[in-house]
Amino acid sequence: MPACSSSPIPAVAPRLAVPAALAPDQCQSLVNDLAQLADPRHRRGRRHALGAVLAVAVAAVLAGARSLAAVGEWAADAPDQVLAALGVRRDPLRGVWRPPGEATVRRVLTRIDADALDRAIGAWLAGQQPPPPAGPGPPGRSPRRAVAVDGKTLRGSGHHPNPQVHLLAAVDHTTRVVLAQTDVDHPR
């Protein structure tokens, strides 16, 4: 009989197939966390708040969007109450919600500080996790924390003359939350 796998992938895989839905309080906390990032756009011509653009992108990905075109389609089809919860602006003349389009999301994501965005989304995701259960352990001592460290090379990231992107991530085994992720030098 083979040994049980310690990988959390089989346990999480069924949850990845089902799109996630955010509660209104989760939307509000997401918008607030993302609004703390520095906006790389010029003040002139901004139609959407930075937090709303990023929150729409995050919500679309959680709902199953796998491309920027899919993010734009999700935003265009999202119900009004979802757009309102994500901080999308309402057109004062027509009274309809105006989500950011694919081009706006694309421009914002290419200009934003990726490390700051990663930290903000990671902190928000960590805040969404329930506290770890108090497991059995020696009296008077807290249970040990298991952390997995793994490296990945991003597929399709290397284009001449730029090398591929290599990421190193640390994941908490109990909560399955990515604690930190960083770009590491490519092997020579």
# chains A, B, ... in the order shown; residues from 1 in each chain; ligands from 1
>>> select_by_dssp(residues="segment 1-187 of chain A", states="alpha helix (DSSP H)", output="JSON, numbers by chain")
{"A": [9, 10, 11, 12, 13, 14, 15, 16, 17, 24, 25, 26, 27, 28, 29, 30, 31, 32, 33, 34, 35, 50, 51, 52, 53, 54, 55, 56, 57, 58, 59, 60, 61, 62, 68, 69, 70, 71, 72, 73, 74, 75, 76, 77, 80, 81, 82, 83, 84, 85, 102, 103, 104, 105, 106, 107, 108, 109, 110, 111, 114, 115, 116, 117, 118, 119, 120, 121, 122, 123, 124, 125, 126, 127, 128]}
>>> residues_around(residues="Val177 of chain A", least_positions_apart="6", cutoff="9 Å", atoms="only C-alpha atoms", output="ChimeraX atom specification")
/A:122,125-126,129,170-171
>>> write_last_selection(atoms="N, CA, C and O atoms", output="compact mmCIF listing (two decimals), in the first residue's frame")
# COMPACT_ATOMS: atom_id res chain seq x y z
N GLY A 122 -1.62 38.72 -0.60
CA GLY A 122 -1.24 37.68 0.37
C GLY A 122 -1.74 37.98 1.77
O GLY A 122 -2.24 37.10 2.46
N LEU A 125 -5.53 37.46 1.76
CA LEU A 125 -5.85 36.03 1.78
C LEU A 125 -5.58 35.42 3.15
O LEU A 125 -6.35 34.60 3.63
N ALA A 126 -4.48 35.81 3.78
CA ALA A 126 -4.17 35.30 5.12
C ALA A 126 -5.24 35.72 6.11
O ALA A 126 -5.60 34.96 7.01
N GLN A 129 -8.38 33.41 6.20
CA GLN A 129 -8.26 32.06 6.71
C GLN A 129 -8.75 31.99 8.15
O GLN A 129 -8.50 32.88 8.94
N ALA A 170 7.12 30.15 0.20
CA ALA A 170 6.97 29.43 1.47
C ALA A 170 5.48 29.35 1.78
O ALA A 170 4.77 30.35 1.74
N VAL A 171 5.01 28.11 2.07
CA VAL A 171 3.59 27.86 2.29
C VAL A 171 3.41 27.23 3.67
O VAL A 171 4.13 26.30 4.04
>>> closest_residue(among="A:Ala69, A:Ala123, A:Leu167, A:Ala35", to="Leu179 of chain A", atoms="only C-alpha atoms")
A:Ala123
>>> closest_residue(among="A:Val31, A:Gly127, A:Pro161, A:Arg43", to="Leu83 of chain A", atoms="only C-alpha atoms")
A:Val31
>>> closest_residue(among="A:Gln181, A:Asn162, A:Ala148, A:Ala49", to="Asn32 of chain A", atoms="only C-alpha atoms")
A:Ala49
>>> closest_residue(among="A:Arg44, A:Val184, A:Gln26, A:Leu50", to="Arg111 of chain A", atoms="only C-alpha atoms")
A:Leu50
>>> closest_residue(among="A:Gly101, A:Gly51, A:Gly45, A:Pro92", to="Leu117 of chain A", atoms="only C-alpha atoms")
A:Gly51
>>> atom_distance(atom1="atom CA of Ala78 of chain A", atom2="atom CA of Arg106 of chain A")
18.2 Å
>>> select_by_dssp(residues="segment 8-185 of chain A", states="strand (DSSP E)", output="PyMOL selection string")
chain A and resi 147-153+166-172+178-184
>>> residues_around(residues="Trp74 of chain A", least_positions_apart="4", cutoff="10 Å", atoms="only C-alpha atoms", output="list of chain:residue names")
A:Val56, A:Ala57, A:Ala59, A:Ala60, A:Val61, A:Ala63, A:Gly64, A:Ala65, A:Leu68, A:Ala69, A:Ala70, A:Ala78, A:Pro79, A:Pro99, A:Gly101, A:Glu102
>>> atom_distance(atom1="atom CA of Asp115 of chain A", atom2="atom CA of Ala38 of chain A")
11.8 Å
>>> residues_around(residues="Ser157 of chain A", least_positions_apart="6", cutoff="12 Å", atoms="only C-alpha atoms", output="ChimeraX atom specification")
/A:163-167,186
>>> closest_residue(among="A:Ala84, A:Leu62, A:Val53, A:Val105", to="Gln28 of chain A", atoms="only C-alpha atoms")
A:Ala84
>>> atom_distance(atom1="atom CA of Gly156 of chain A", atom2="atom CA of Ala52 of chain A")
28.5 Å
>>> decode(residues="segment 57-92 of chain A", atoms="N, CA, C and O atoms", output="mmCIF file, in the first residue's frame")
data_model
loop_
_atom_site.group_PDB
_atom_site.id
_atom_site.type_symbol
_atom_site.label_atom_id
_atom_site.label_comp_id
_atom_site.auth_asym_id
_atom_site.auth_seq_id
_atom_site.Cartn_x
_atom_site.Cartn_y
_atom_site.Cartn_z
ATOM 1 N N ALA A 57 -10.224 42.639 -10.730
ATOM 2 C CA ALA A 57 -9.333 41.609 -11.288
ATOM 3 C C ALA A 57 -9.235 40.411 -10.341
ATOM 4 O O ALA A 57 -9.318 39.257 -10.790
ATOM 5 N N VAL A 58 -9.085 40.666 -9.050
ATOM 6 C CA VAL A 58 -8.991 39.571 -8.071
ATOM 7 C C VAL A 58 -10.292 38.776 -8.028
ATOM 8 O O VAL A 58 -10.285 37.540 -8.061
ATOM 9 N N ALA A 59 -11.421 39.469 -7.971
ATOM 10 C CA ALA A 59 -12.715 38.784 -7.916
ATOM 11 C C ALA A 59 -12.953 37.955 -9.173
ATOM 12 O O ALA A 59 -13.484 36.839 -9.103
ATOM 13 N N ALA A 60 -12.554 38.475 -10.315
ATOM 14 C CA ALA A 60 -12.725 37.733 -11.569
ATOM 15 C C ALA A 60 -11.881 36.464 -11.569
ATOM 16 O O ALA A 60 -12.351 35.400 -11.987
ATOM 17 N N VAL A 61 -10.648 36.558 -11.089
ATOM 18 C CA VAL A 61 -9.782 35.385 -11.028
ATOM 19 C C VAL A 61 -10.363 34.365 -10.044
ATOM 20 O O VAL A 61 -10.380 33.165 -10.314
ATOM 21 N N LEU A 62 -10.856 34.832 -8.907
ATOM 22 C CA LEU A 62 -11.481 33.916 -7.945
ATOM 23 C C LEU A 62 -12.723 33.253 -8.534
ATOM 24 O O LEU A 62 -13.076 32.139 -8.149
ATOM 25 N N ALA A 63 -13.380 33.936 -9.462
ATOM 26 C CA ALA A 63 -14.573 33.388 -10.106
ATOM 27 C C ALA A 63 -14.232 32.493 -11.292
ATOM 28 O O ALA A 63 -15.117 31.958 -11.932
ATOM 29 N N GLY A 64 -12.944 32.351 -11.607
ATOM 30 C CA GLY A 64 -12.545 31.423 -12.655
ATOM 31 C C GLY A 64 -11.927 32.047 -13.890
ATOM 32 O O GLY A 64 -11.579 31.324 -14.824
ATOM 33 N N ALA A 65 -11.783 33.367 -13.948
ATOM 34 C CA ALA A 65 -11.170 34.012 -15.119
ATOM 35 C C ALA A 65 -9.701 33.618 -15.204
ATOM 36 O O ALA A 65 -8.979 33.657 -14.213
ATOM 37 N N ARG A 66 -9.265 33.254 -16.408
ATOM 38 C CA ARG A 66 -7.890 32.806 -16.595
ATOM 39 C C ARG A 66 -7.098 33.691 -17.551
ATOM 40 O O ARG A 66 -5.961 33.388 -17.878
ATOM 41 N N SER A 67 -7.693 34.775 -18.022
ATOM 42 C CA SER A 67 -6.988 35.690 -18.918
ATOM 43 C C SER A 67 -7.518 37.101 -18.666
ATOM 44 O O SER A 67 -8.558 37.278 -18.033
ATOM 45 N N LEU A 68 -6.804 38.076 -19.212
ATOM 46 C CA LEU A 68 -7.274 39.447 -19.058
ATOM 47 C C LEU A 68 -8.576 39.675 -19.820
ATOM 48 O O LEU A 68 -9.444 40.441 -19.375
ATOM 49 N N ALA A 69 -8.731 38.998 -20.944
ATOM 50 C CA ALA A 69 -10.002 39.099 -21.682
ATOM 51 C C ALA A 69 -11.143 38.545 -20.838
ATOM 52 O O ALA A 69 -12.233 39.124 -20.793
ATOM 53 N N ALA A 70 -10.886 37.434 -20.143
ATOM 54 C CA ALA A 70 -11.910 36.845 -19.281
ATOM 55 C C ALA A 70 -12.221 37.760 -18.098
ATOM 56 O O ALA A 70 -13.378 37.846 -17.657
ATOM 57 N N VAL A 71 -11.220 38.465 -17.582
ATOM 58 C CA VAL A 71 -11.450 39.428 -16.497
ATOM 59 C C VAL A 71 -12.372 40.537 -16.993
ATOM 60 O O VAL A 71 -13.322 40.925 -16.310
ATOM 61 N N GLY A 72 -12.104 41.055 -18.194
ATOM 62 C CA GLY A 72 -12.952 42.100 -18.767
ATOM 63 C C GLY A 72 -14.378 41.621 -18.996
ATOM 64 O O GLY A 72 -15.343 42.344 -18.721
ATOM 65 N N GLU A 73 -14.530 40.385 -19.470
ATOM 66 C CA GLU A 73 -15.870 39.827 -19.685
ATOM 67 C C GLU A 73 -16.605 39.633 -18.361
ATOM 68 O O GLU A 73 -17.793 39.917 -18.251
ATOM 69 N N TRP A 74 -15.885 39.139 -17.351
ATOM 70 C CA TRP A 74 -16.507 38.946 -16.046
ATOM 71 C C TRP A 74 -16.993 40.285 -15.480
ATOM 72 O O TRP A 74 -18.099 40.375 -14.965
ATOM 73 N N ALA A 75 -16.152 41.304 -15.594
ATOM 74 C CA ALA A 75 -16.523 42.626 -15.074
ATOM 75 C C ALA A 75 -17.747 43.178 -15.797
ATOM 76 O O ALA A 75 -18.639 43.758 -15.177
ATOM 77 N N ALA A 76 -17.818 42.977 -17.105
ATOM 78 C CA ALA A 76 -18.957 43.485 -17.874
ATOM 79 C C ALA A 76 -20.247 42.756 -17.520
ATOM 80 O O ALA A 76 -21.334 43.343 -17.595
ATOM 81 N N ASP A 77 -20.140 41.489 -17.124
ATOM 82 C CA ASP A 77 -21.322 40.680 -16.818
ATOM 83 C C ASP A 77 -21.666 40.617 -15.336
ATOM 84 O O ASP A 77 -22.686 40.028 -14.968
ATOM 85 N N ALA A 78 -20.816 41.165 -14.465
ATOM 86 C CA ALA A 78 -21.042 41.060 -13.022
ATOM 87 C C ALA A 78 -22.307 41.819 -12.614
ATOM 88 O O ALA A 78 -22.607 42.889 -13.159
ATOM 89 N N PRO A 79 -23.037 41.281 -11.645
ATOM 90 C CA PRO A 79 -24.242 41.968 -11.156
ATOM 91 C C PRO A 79 -23.894 43.298 -10.487
ATOM 92 O O PRO A 79 -22.795 43.483 -9.968
ATOM 93 N N ASP A 80 -24.871 44.211 -10.486
ATOM 94 C CA ASP A 80 -24.653 45.545 -9.921
ATOM 95 C C ASP A 80 -24.222 45.511 -8.462
ATOM 96 O O ASP A 80 -23.350 46.276 -8.050
ATOM 97 N N GLN A 81 -24.823 44.614 -7.652
ATOM 98 C CA GLN A 81 -24.472 44.588 -6.233
ATOM 99 C C GLN A 81 -23.025 44.131 -6.030
ATOM 100 O O GLN A 81 -22.359 44.576 -5.095
ATOM 101 N N VAL A 82 -22.517 43.278 -6.908
ATOM 102 C CA VAL A 82 -21.118 42.842 -6.827
ATOM 103 C C VAL A 82 -20.199 44.001 -7.208
ATOM 104 O O VAL A 82 -19.207 44.268 -6.527
ATOM 105 N N LEU A 83 -20.531 44.685 -8.287
ATOM 106 C CA LEU A 83 -19.719 45.832 -8.712
ATOM 107 C C LEU A 83 -19.706 46.914 -7.632
ATOM 108 O O LEU A 83 -18.663 47.518 -7.366
ATOM 109 N N ALA A 84 -20.839 47.156 -7.016
ATOM 110 C CA ALA A 84 -20.905 48.155 -5.931
ATOM 111 C C ALA A 84 -20.023 47.735 -4.768
ATOM 112 O O ALA A 84 -19.303 48.561 -4.188
ATOM 113 N N ALA A 85 -20.067 46.454 -4.404
ATOM 114 C CA ALA A 85 -19.258 45.964 -3.286
ATOM 115 C C ALA A 85 -17.768 46.059 -3.589
ATOM 116 O O ALA A 85 -16.956 46.214 -2.675
ATOM 117 N N LEU A 86 -17.395 45.963 -4.869
ATOM 118 C CA LEU A 86 -15.985 46.050 -5.261
ATOM 119 C C LEU A 86 -15.509 47.487 -5.456
ATOM 120 O O LEU A 86 -14.364 47.705 -5.835
ATOM 121 N N GLY A 87 -16.359 48.443 -5.217
ATOM 122 C CA GLY A 87 -15.952 49.849 -5.299
ATOM 123 C C GLY A 87 -15.976 50.440 -6.683
ATOM 124 O O GLY A 87 -15.368 51.478 -6.938
ATOM 125 N N VAL A 88 -16.694 49.791 -7.612
ATOM 126 C CA VAL A 88 -16.791 50.301 -8.981
ATOM 127 C C VAL A 88 -17.634 51.568 -8.977
ATOM 128 O O VAL A 88 -18.604 51.689 -8.224
ATOM 129 N N ARG A 89 -17.300 52.516 -9.832
ATOM 130 C CA ARG A 89 -18.012 53.801 -9.874
ATOM 131 C C ARG A 89 -19.359 53.665 -10.581
ATOM 132 O O ARG A 89 -19.543 52.819 -11.446
ATOM 133 N N ARG A 90 -20.247 54.528 -10.187
ATOM 134 C CA ARG A 90 -21.572 54.568 -10.797
ATOM 135 C C ARG A 90 -21.664 55.817 -11.659
ATOM 136 O O ARG A 90 -21.327 56.906 -11.222
ATOM 137 N N ASP A 91 -22.124 55.661 -12.891
ATOM 138 C CA ASP A 91 -22.285 56.787 -13.804
ATOM 139 C C ASP A 91 -23.387 57.682 -13.253
ATOM 140 O O ASP A 91 -24.536 57.246 -13.119
ATOM 141 N N PRO A 92 -23.080 58.945 -12.921
ATOM 142 C CA PRO A 92 -24.090 59.816 -12.305
ATOM 143 C C PRO A 92 -25.234 60.194 -13.248
ATOM 144 O O PRO A 92 -26.340 60.472 -12.791
#
